[in-house]
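> Contents of work.txt (compact mmCIF, N, CA and C atoms and all ligand atoms):
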# COMPACT_ATOMS: atom_id res chain seq x y z
N MET A 1 -29.51 13.19 -92.39
CA MET A 1 -29.17 11.93 -91.74
C MET A 1 -28.04 12.15 -90.75
N LEU A 2 -28.17 11.49 -89.63
CA LEU A 2 -27.14 11.61 -88.60
C LEU A 2 -26.00 10.63 -88.86
N LEU A 3 -24.83 11.03 -88.47
CA LEU A 3 -23.67 10.14 -88.47
C LEU A 3 -23.37 9.86 -87.00
N ILE A 4 -23.59 8.63 -86.59
CA ILE A 4 -23.48 8.26 -85.17
C ILE A 4 -22.22 7.43 -84.97
N ASN A 5 -21.51 7.76 -83.91
CA ASN A 5 -20.27 7.06 -83.60
C ASN A 5 -20.55 5.94 -82.59
N CYS A 6 -20.55 4.70 -83.05
CA CYS A 6 -20.69 3.57 -82.13
C CYS A 6 -19.37 3.46 -81.34
N PRO A 7 -19.44 3.36 -80.01
CA PRO A 7 -18.20 3.27 -79.23
C PRO A 7 -17.31 2.09 -79.61
N TRP A 8 -17.87 1.06 -80.25
CA TRP A 8 -17.08 -0.13 -80.61
C TRP A 8 -16.74 -0.19 -82.09
N CYS A 9 -17.63 0.31 -82.95
CA CYS A 9 -17.46 0.15 -84.41
C CYS A 9 -17.02 1.43 -85.12
N GLY A 10 -17.18 2.57 -84.49
CA GLY A 10 -16.84 3.82 -85.14
C GLY A 10 -18.05 4.47 -85.79
N ALA A 11 -17.82 5.48 -86.62
CA ALA A 11 -18.89 6.27 -87.22
C ALA A 11 -19.63 5.46 -88.29
N ARG A 12 -20.96 5.50 -88.19
CA ARG A 12 -21.82 4.82 -89.16
C ARG A 12 -23.06 5.68 -89.39
N GLU A 13 -23.77 5.42 -90.49
CA GLU A 13 -24.99 6.16 -90.79
C GLU A 13 -26.10 5.77 -89.82
N GLN A 14 -26.99 6.70 -89.62
CA GLN A 14 -28.10 6.52 -88.66
C GLN A 14 -28.93 5.28 -88.96
N THR A 15 -29.02 4.89 -90.22
CA THR A 15 -29.87 3.76 -90.59
C THR A 15 -29.41 2.44 -89.97
N GLU A 16 -28.18 2.38 -89.46
CA GLU A 16 -27.69 1.16 -88.82
C GLU A 16 -28.12 1.06 -87.36
N PHE A 17 -28.75 2.12 -86.84
CA PHE A 17 -29.04 2.20 -85.42
C PHE A 17 -30.54 2.29 -85.17
N SER A 18 -30.93 1.97 -83.96
CA SER A 18 -32.30 2.21 -83.53
C SER A 18 -32.28 3.01 -82.23
N TYR A 19 -33.22 3.90 -82.14
CA TYR A 19 -33.35 4.80 -80.98
C TYR A 19 -34.26 4.16 -79.95
N HIS A 20 -33.89 4.24 -78.69
CA HIS A 20 -34.69 3.59 -77.65
C HIS A 20 -34.98 4.49 -76.46
N GLY A 21 -35.13 5.78 -76.73
CA GLY A 21 -35.60 6.68 -75.69
C GLY A 21 -34.51 7.28 -74.83
N GLU A 22 -34.98 7.89 -73.77
CA GLU A 22 -34.09 8.63 -72.89
C GLU A 22 -33.14 7.71 -72.13
N ALA A 23 -31.90 8.15 -71.99
CA ALA A 23 -30.90 7.41 -71.22
C ALA A 23 -30.91 7.88 -69.78
N HIS A 24 -30.21 7.17 -68.94
CA HIS A 24 -30.02 7.51 -67.52
C HIS A 24 -31.31 7.45 -66.72
N ILE A 25 -32.24 6.60 -67.11
CA ILE A 25 -33.44 6.38 -66.31
C ILE A 25 -33.05 5.45 -65.17
N VAL A 26 -33.22 5.90 -63.95
CA VAL A 26 -32.86 5.09 -62.79
C VAL A 26 -33.99 4.11 -62.50
N ARG A 27 -33.65 2.85 -62.49
CA ARG A 27 -34.65 1.81 -62.28
C ARG A 27 -35.15 1.82 -60.83
N ALA A 28 -36.44 1.66 -60.67
CA ALA A 28 -37.02 1.60 -59.34
C ALA A 28 -36.62 0.29 -58.67
N LYS A 29 -36.18 0.35 -57.42
CA LYS A 29 -35.71 -0.86 -56.74
C LYS A 29 -36.83 -1.57 -55.99
N LYS A 30 -37.63 -0.84 -55.25
CA LYS A 30 -38.73 -1.45 -54.49
C LYS A 30 -40.04 -1.00 -55.12
N THR A 31 -40.38 -1.62 -56.21
CA THR A 31 -41.57 -1.19 -56.94
C THR A 31 -42.85 -1.36 -56.12
N GLU A 32 -42.86 -2.34 -55.24
CA GLU A 32 -44.07 -2.56 -54.43
C GLU A 32 -44.30 -1.42 -53.45
N ALA A 33 -43.28 -0.62 -53.17
CA ALA A 33 -43.42 0.49 -52.24
C ALA A 33 -43.85 1.79 -52.93
N LEU A 34 -43.89 1.77 -54.27
CA LEU A 34 -44.23 2.99 -54.99
C LEU A 34 -45.74 3.19 -55.04
N SER A 35 -46.15 4.44 -55.03
CA SER A 35 -47.56 4.75 -55.24
C SER A 35 -47.86 4.59 -56.74
N ASP A 36 -49.12 4.57 -57.08
CA ASP A 36 -49.49 4.46 -58.49
C ASP A 36 -48.92 5.62 -59.30
N GLU A 37 -48.94 6.81 -58.69
CA GLU A 37 -48.41 7.99 -59.37
C GLU A 37 -46.90 7.85 -59.60
N GLU A 38 -46.17 7.39 -58.59
CA GLU A 38 -44.72 7.22 -58.73
C GLU A 38 -44.39 6.13 -59.76
N TRP A 39 -45.17 5.07 -59.76
CA TRP A 39 -44.96 3.99 -60.72
C TRP A 39 -45.22 4.47 -62.15
N ALA A 40 -46.31 5.21 -62.34
CA ALA A 40 -46.62 5.76 -63.66
C ALA A 40 -45.55 6.74 -64.11
N ASP A 41 -45.05 7.53 -63.17
CA ASP A 41 -43.99 8.48 -63.50
C ASP A 41 -42.74 7.74 -63.96
N TYR A 42 -42.39 6.67 -63.26
CA TYR A 42 -41.21 5.87 -63.62
C TYR A 42 -41.40 5.23 -65.00
N LEU A 43 -42.58 4.70 -65.28
CA LEU A 43 -42.80 3.99 -66.53
C LEU A 43 -42.94 4.90 -67.75
N PHE A 44 -43.63 6.02 -67.57
CA PHE A 44 -44.05 6.78 -68.74
C PHE A 44 -43.49 8.19 -68.89
N MET A 45 -43.12 8.82 -67.80
CA MET A 45 -42.74 10.23 -67.90
C MET A 45 -41.26 10.36 -68.26
N ARG A 46 -41.00 11.12 -69.31
CA ARG A 46 -39.64 11.36 -69.77
C ARG A 46 -39.46 12.83 -70.04
N THR A 47 -38.20 13.27 -70.04
CA THR A 47 -37.93 14.67 -70.34
C THR A 47 -38.07 14.89 -71.84
N ASN A 48 -38.33 16.11 -72.21
CA ASN A 48 -38.47 16.45 -73.62
C ASN A 48 -37.82 17.82 -73.83
N PRO A 49 -36.49 17.88 -73.66
CA PRO A 49 -35.84 19.18 -73.67
C PRO A 49 -35.69 19.75 -75.09
N LYS A 50 -35.66 21.06 -75.12
CA LYS A 50 -35.28 21.75 -76.36
C LYS A 50 -33.81 22.09 -76.15
N GLY A 51 -32.96 21.16 -76.53
CA GLY A 51 -31.53 21.31 -76.28
C GLY A 51 -30.88 19.95 -76.14
N VAL A 52 -29.94 19.84 -75.23
CA VAL A 52 -29.17 18.60 -75.07
C VAL A 52 -30.07 17.51 -74.48
N HIS A 53 -30.04 16.36 -75.11
CA HIS A 53 -30.82 15.21 -74.66
C HIS A 53 -29.91 13.99 -74.66
N TYR A 54 -30.02 13.20 -73.59
CA TYR A 54 -29.20 11.99 -73.50
C TYR A 54 -30.08 10.82 -73.90
N GLU A 55 -29.64 10.10 -74.91
CA GLU A 55 -30.49 9.08 -75.53
C GLU A 55 -29.81 7.72 -75.54
N ARG A 56 -30.62 6.68 -75.52
CA ARG A 56 -30.12 5.32 -75.60
C ARG A 56 -30.31 4.82 -77.03
N TRP A 57 -29.25 4.29 -77.59
CA TRP A 57 -29.28 3.78 -78.96
C TRP A 57 -28.73 2.36 -78.98
N MET A 58 -29.08 1.64 -80.05
CA MET A 58 -28.54 0.30 -80.25
C MET A 58 -28.02 0.20 -81.68
N HIS A 59 -26.87 -0.41 -81.85
CA HIS A 59 -26.28 -0.60 -83.18
C HIS A 59 -26.87 -1.88 -83.77
N VAL A 60 -28.09 -1.78 -84.25
CA VAL A 60 -28.88 -2.93 -84.70
C VAL A 60 -28.20 -3.68 -85.85
N PHE A 61 -27.73 -2.94 -86.86
CA PHE A 61 -27.11 -3.58 -88.02
C PHE A 61 -25.59 -3.51 -87.93
N GLY A 62 -25.09 -3.77 -86.74
CA GLY A 62 -23.65 -3.76 -86.48
C GLY A 62 -23.36 -4.71 -85.34
N CYS A 63 -22.77 -4.18 -84.29
CA CYS A 63 -22.37 -5.01 -83.16
C CYS A 63 -23.53 -5.37 -82.23
N ARG A 64 -24.69 -4.73 -82.41
CA ARG A 64 -25.90 -4.96 -81.61
C ARG A 64 -25.71 -4.60 -80.13
N ARG A 65 -24.81 -3.69 -79.86
CA ARG A 65 -24.59 -3.25 -78.48
C ARG A 65 -25.38 -1.96 -78.22
N TRP A 66 -25.68 -1.77 -76.93
CA TRP A 66 -26.36 -0.56 -76.47
C TRP A 66 -25.32 0.47 -76.06
N PHE A 67 -25.67 1.74 -76.25
CA PHE A 67 -24.80 2.83 -75.80
C PHE A 67 -25.64 4.10 -75.73
N ASN A 68 -25.04 5.17 -75.23
CA ASN A 68 -25.74 6.44 -75.09
C ASN A 68 -25.17 7.47 -76.06
N VAL A 69 -26.04 8.40 -76.45
CA VAL A 69 -25.64 9.50 -77.31
C VAL A 69 -26.16 10.79 -76.69
N ALA A 70 -25.33 11.82 -76.65
CA ALA A 70 -25.75 13.15 -76.23
C ALA A 70 -25.98 13.96 -77.50
N ARG A 71 -27.22 14.38 -77.71
CA ARG A 71 -27.59 15.03 -78.96
C ARG A 71 -28.46 16.25 -78.69
N HIS A 72 -28.30 17.28 -79.51
CA HIS A 72 -29.14 18.48 -79.41
C HIS A 72 -30.42 18.22 -80.20
N THR A 73 -31.57 18.41 -79.55
CA THR A 73 -32.84 18.04 -80.19
C THR A 73 -33.27 19.01 -81.29
N VAL A 74 -32.70 20.19 -81.33
CA VAL A 74 -33.08 21.16 -82.37
C VAL A 74 -32.11 21.09 -83.55
N THR A 75 -30.82 21.13 -83.26
CA THR A 75 -29.83 21.16 -84.34
C THR A 75 -29.41 19.77 -84.81
N GLY A 76 -29.61 18.76 -83.98
CA GLY A 76 -29.16 17.42 -84.32
C GLY A 76 -27.70 17.19 -84.04
N GLU A 77 -27.02 18.21 -83.54
CA GLU A 77 -25.59 18.07 -83.24
C GLU A 77 -25.38 16.99 -82.19
N ILE A 78 -24.42 16.13 -82.45
CA ILE A 78 -24.09 15.07 -81.49
C ILE A 78 -22.83 15.47 -80.75
N TYR A 79 -22.94 15.52 -79.42
CA TYR A 79 -21.81 15.94 -78.58
C TYR A 79 -20.91 14.77 -78.23
N GLY A 80 -21.43 13.57 -78.36
CA GLY A 80 -20.61 12.41 -78.09
C GLY A 80 -21.43 11.16 -77.89
N SER A 81 -20.80 10.03 -78.15
CA SER A 81 -21.38 8.71 -77.86
C SER A 81 -20.53 8.09 -76.77
N TYR A 82 -21.16 7.34 -75.89
CA TYR A 82 -20.40 6.76 -74.79
C TYR A 82 -21.08 5.49 -74.29
N GLN A 83 -20.27 4.64 -73.71
CA GLN A 83 -20.77 3.38 -73.21
C GLN A 83 -21.65 3.62 -71.98
N ILE A 84 -22.63 2.78 -71.80
CA ILE A 84 -23.51 2.87 -70.64
C ILE A 84 -22.66 2.72 -69.38
N GLY A 85 -22.83 3.63 -68.45
CA GLY A 85 -22.04 3.63 -67.23
C GLY A 85 -20.91 4.63 -67.25
N ASP A 86 -20.53 5.09 -68.45
CA ASP A 86 -19.49 6.11 -68.55
C ASP A 86 -20.08 7.49 -68.26
N ASP A 87 -19.20 8.45 -68.01
CA ASP A 87 -19.63 9.82 -67.75
C ASP A 87 -20.20 10.45 -69.03
N LYS A 88 -21.09 11.42 -68.83
CA LYS A 88 -21.63 12.17 -69.95
C LYS A 88 -20.51 12.97 -70.60
N PRO A 89 -20.56 13.18 -71.92
CA PRO A 89 -19.51 13.94 -72.61
C PRO A 89 -19.41 15.37 -72.08
N ALA A 90 -18.19 15.84 -71.89
CA ALA A 90 -17.97 17.19 -71.36
C ALA A 90 -18.59 18.25 -72.26
N ALA A 91 -18.54 18.04 -73.56
CA ALA A 91 -19.10 19.03 -74.50
C ALA A 91 -20.61 19.17 -74.30
N ALA A 92 -21.28 18.07 -73.99
CA ALA A 92 -22.72 18.12 -73.75
C ALA A 92 -23.04 18.86 -72.46
N LEU A 93 -22.24 18.61 -71.44
CA LEU A 93 -22.46 19.30 -70.17
C LEU A 93 -22.24 20.80 -70.32
N GLU A 94 -21.23 21.18 -71.11
CA GLU A 94 -20.98 22.60 -71.36
C GLU A 94 -22.14 23.23 -72.12
N ALA A 95 -22.66 22.53 -73.12
CA ALA A 95 -23.77 23.04 -73.91
C ALA A 95 -25.03 23.19 -73.04
N GLN A 96 -25.20 22.29 -72.10
CA GLN A 96 -26.37 22.36 -71.20
C GLN A 96 -26.32 23.61 -70.33
N LYS A 97 -25.13 24.02 -69.95
CA LYS A 97 -24.99 25.21 -69.11
C LYS A 97 -25.45 26.46 -69.85
N LYS A 98 -25.34 26.45 -71.18
CA LYS A 98 -25.70 27.61 -71.99
C LYS A 98 -27.19 27.65 -72.33
N GLN A 99 -27.91 26.59 -72.03
CA GLN A 99 -29.34 26.54 -72.35
C GLN A 99 -30.14 27.46 -71.45
ZN ZN A 101 -21.31 -1.05 -83.09
Any chance you could put this one into structure tokens?

Amino acid sequence: MLLINCPWCGAREQTEFSYHGEAHIVRAKKTEALSDEEWADYLFMRTNPKGVHYERWMHVFGCRRWFNVARHTVTGEIYGSYQIGDDKPAAALEAQKKQ
């Protein structure tokens, strides 16, 4: 089980949270200008790294706020939790360089 640090509530067990996919997905601004392929890519295509992954989580059984987690997909190591809009954790960026 993971121990996740909510930026507002502190460390809690994984069962209090829900996972909502990849973080840092840039929203399409002019969707009417996108081709079908670009639209499908925006809606459905996500990275699936073997290593550091930036994920969006929600503290469902707590403050109910959204935030991001940088986590290693193989070891489960969490490099940091951070509020949406904040910079990625330095430890995660360092780990990515070693991949
Ligand atoms: Zn919380």
> Check which residues of chain A sit at most 8 Å from ligand ZN 101 (chain A) using all atoms listed in the file, and return one row each with the closest pair of atoms and their distance in Å to one decimal, ordered by chain and rising number, as a tab-separated table.

residue	atom	partner	partner_atom	distance
A:Asn5	C	A:ZN101	ZN	7.0
A:Cys6	CA	A:ZN101	ZN	4.8
A:Pro7	N	A:ZN101	ZN	5.7
A:Trp8	C	A:ZN101	ZN	4.8
A:Cys9	N	A:ZN101	ZN	3.9
A:Gly10	N	A:ZN101	ZN	5.7
A:Met58	C	A:ZN101	ZN	7.0
A:His59	CA	A:ZN101	ZN	5.0
A:Val60	N	A:ZN101	ZN	6.9
A:Phe61	C	A:ZN101	ZN	6.9
A:Gly62	C	A:ZN101	ZN	4.8
A:Cys63	N	A:ZN101	ZN	3.7
A:Arg64	N	A:ZN101	ZN	5.0
A:Arg65	N	A:ZN101	ZN	5.4
A:Trp66	N	A:ZN101	ZN	7.6
> Please list as a ChimeraX atom specification every residue within 7 Å of Pro89 (chain A), counting all atoms listed in the file and excluding residues in the same chain fewer than 5 positions away.
/A:70,79-81,94
> Using all atoms listed in the file, can you tell me which of A:Phe67, A:Arg12, A:Lys98, A:Lys29 comes closest to Gly85 (chain A)?
A:Phe67
> With only C-alpha atoms as the atoms that count, which of A:His53, A:Arg46, A:His24, A:Lys88 lies nearest to Arg71 (chain A)?
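With only C-alpha atoms as the atom set, the closest residue is A:His53.
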> To one decimal place in Å, what is the distance between atom N of Gly21 (chain A) and atom C of Ser35 (chain A)?
23.7 Å
> Please write as a ChimeraX atom specification the list of polymer residues whose atoms come within 12 Å of (-29.7, 7.2, -63.4), counting only C-alpha atoms and keeping to the coordinates of the file.
/A:22-28,42,54,84-88
> Provide an axis-aligned box for all listed atoms of region 18-28 of chain A, padding each side by 3 Å; report its centre and its edge lengths in Å to one decimal, as AutoDock Vina command-line options.

--center_x -33.5 --center_y 4.5 --center_z -71.3 --size_x 13.0 --size_y 14.3 --size_z 31.3
> Return the single residue from A:Glu77, A:Met45, A:Glu55, A:Gln14 that is closest to Leu2 (chain A), with distances computed using only N, CA and C atoms.
A:Gln14
> Just asking: which residues within region 27-72 of chain A are strand (DSSP E) according to DSSP, as a count of residues only?
14
> Give the helix (DSSP H, G or I) residues of chain A, as DSSP finds them on the backbone, and put them as a PDB file with N, CA and C atoms, keeping the file's coordinate frame.

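Heads up, here's the output in states05.pdb:
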ATOM      1  N   GLN A  14     -26.990   6.700 -89.620  1.00  0.00           N
ATOM      2  CA  GLN A  14     -28.100   6.520 -88.660  1.00  0.00           C
ATOM      3  C   GLN A  14     -28.930   5.280 -88.960  1.00  0.00           C
ATOM      4  N   THR A  15     -29.020   4.890 -90.220  1.00  0.00           N
ATOM      5  CA  THR A  15     -29.870   3.760 -90.590  1.00  0.00           C
ATOM      6  C   THR A  15     -29.410   2.440 -89.970  1.00  0.00           C
ATOM      7  N   GLU A  16     -28.180   2.380 -89.460  1.00  0.00           N
ATOM      8  CA  GLU A  16     -27.690   1.160 -88.820  1.00  0.00           C
ATOM      9  C   GLU A  16     -28.120   1.060 -87.360  1.00  0.00           C
ATOM     10  N   THR A  31     -40.380  -1.620 -56.210  1.00  0.00           N
ATOM     11  CA  THR A  31     -41.570  -1.190 -56.940  1.00  0.00           C
ATOM     12  C   THR A  31     -42.850  -1.360 -56.120  1.00  0.00           C
ATOM     13  N   GLU A  32     -42.860  -2.340 -55.240  1.00  0.00           N
ATOM     14  CA  GLU A  32     -44.070  -2.560 -54.430  1.00  0.00           C
ATOM     15  C   GLU A  32     -44.300  -1.420 -53.450  1.00  0.00           C
ATOM     16  N   ALA A  33     -43.280  -0.620 -53.170  1.00  0.00           N
ATOM     17  CA  ALA A  33     -43.420   0.490 -52.240  1.00  0.00           C
ATOM     18  C   ALA A  33     -43.850   1.790 -52.930  1.00  0.00           C
ATOM     19  N   ASP A  36     -49.120   4.570 -57.080  1.00  0.00           N
ATOM     20  CA  ASP A  36     -49.490   4.460 -58.490  1.00  0.00           C
ATOM     21  C   ASP A  36     -48.920   5.620 -59.300  1.00  0.00           C
ATOM     22  N   GLU A  37     -48.940   6.810 -58.690  1.00  0.00           N
ATOM     23  CA  GLU A  37     -48.410   7.990 -59.370  1.00  0.00           C
ATOM     24  C   GLU A  37     -46.900   7.850 -59.600  1.00  0.00           C
ATOM     25  N   GLU A  38     -46.170   7.390 -58.590  1.00  0.00           N
ATOM     26  CA  GLU A  38     -44.720   7.220 -58.730  1.00  0.00           C
ATOM     27  C   GLU A  38     -44.390   6.130 -59.760  1.00  0.00           C
ATOM     28  N   TRP A  39     -45.170   5.070 -59.760  1.00  0.00           N
ATOM     29  CA  TRP A  39     -44.960   3.990 -60.720  1.00  0.00           C
ATOM     30  C   TRP A  39     -45.220   4.470 -62.150  1.00  0.00           C
ATOM     31  N   ALA A  40     -46.310   5.210 -62.340  1.00  0.00           N
ATOM     32  CA  ALA A  40     -46.620   5.760 -63.660  1.00  0.00           C
ATOM     33  C   ALA A  40     -45.550   6.740 -64.110  1.00  0.00           C
ATOM     34  N   ASP A  41     -45.050   7.530 -63.170  1.00  0.00           N
ATOM     35  CA  ASP A  41     -43.990   8.480 -63.500  1.00  0.00           C
ATOM     36  C   ASP A  41     -42.740   7.740 -63.960  1.00  0.00           C
ATOM     37  N   TYR A  42     -42.390   6.670 -63.260  1.00  0.00           N
ATOM     38  CA  TYR A  42     -41.210   5.870 -63.620  1.00  0.00           C
ATOM     39  C   TYR A  42     -41.400   5.230 -65.000  1.00  0.00           C
ATOM     40  N   LEU A  43     -42.580   4.700 -65.280  1.00  0.00           N
ATOM     41  CA  LEU A  43     -42.800   3.990 -66.530  1.00  0.00           C
ATOM     42  C   LEU A  43     -42.940   4.900 -67.750  1.00  0.00           C
ATOM     43  N   PHE A  44     -43.630   6.020 -67.570  1.00  0.00           N
ATOM     44  CA  PHE A  44     -44.050   6.780 -68.740  1.00  0.00           C
ATOM     45  C   PHE A  44     -43.490   8.190 -68.890  1.00  0.00           C
ATOM     46  N   ALA A  90     -18.190  15.840 -71.890  1.00  0.00           N
ATOM     47  CA  ALA A  90     -17.970  17.190 -71.360  1.00  0.00           C
ATOM     48  C   ALA A  90     -18.590  18.250 -72.260  1.00  0.00           C
ATOM     49  N   ALA A  91     -18.540  18.040 -73.560  1.00  0.00           N
ATOM     50  CA  ALA A  91     -19.100  19.030 -74.500  1.00  0.00           C
ATOM     51  C   ALA A  91     -20.610  19.170 -74.300  1.00  0.00           C
ATOM     52  N   ALA A  92     -21.280  18.070 -73.990  1.00  0.00           N
ATOM     53  CA  ALA A  92     -22.720  18.120 -73.750  1.00  0.00           C
ATOM     54  C   ALA A  92     -23.040  18.860 -72.460  1.00  0.00           C
ATOM     55  N   LEU A  93     -22.240  18.610 -71.440  1.00  0.00           N
ATOM     56  CA  LEU A  93     -22.460  19.300 -70.170  1.00  0.00           C
ATOM     57  C   LEU A  93     -22.240  20.800 -70.320  1.00  0.00           C
ATOM     58  N   GLU A  94     -21.230  21.180 -71.110  1.00  0.00           N
ATOM     59  CA  GLU A  94     -20.980  22.600 -71.360  1.00  0.00           C
ATOM     60  C   GLU A  94     -22.140  23.230 -72.120  1.00  0.00           C
ATOM     61  N   ALA A  95     -22.660  22.530 -73.120  1.00  0.00           N
ATOM     62  CA  ALA A  95     -23.770  23.040 -73.910  1.00  0.00           C
ATOM     63  C   ALA A  95     -25.030  23.190 -73.040  1.00  0.00           C
ATOM     64  N   GLN A  96     -25.200  22.290 -72.100  1.00  0.00           N
ATOM     65  CA  GLN A  96     -26.370  22.360 -71.200  1.00  0.00           C
ATOM     66  C   GLN A  96     -26.320  23.610 -70.330  1.00  0.00           C
ATOM     67  N   LYS A  97     -25.130  24.020 -69.950  1.00  0.00           N
ATOM     68  CA  LYS A  97     -24.990  25.210 -69.110  1.00  0.00           C
ATOM     69  C   LYS A  97     -25.450  26.460 -69.850  1.00  0.00           C
TER      70      LYS A  97
END
> Between CA of Val69 (chain A) and CA of Glu13 (chain A), what is the spacing in Å?
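The value is 13.9 Å.
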> Of the candidates A:Ile4, A:Val74, A:Glu37, A:Leu93, which shows the shortest atom-to-atom distance to Tyr19 (chain A), using only C-alpha atoms?
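Smallest distance to Tyr19 (chain A) is found for A:Ile4.
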> So how many Å separate CA of Thr47 (chain A) and atom C of Ala11 (chain A), to one decimal?
27.2 Å
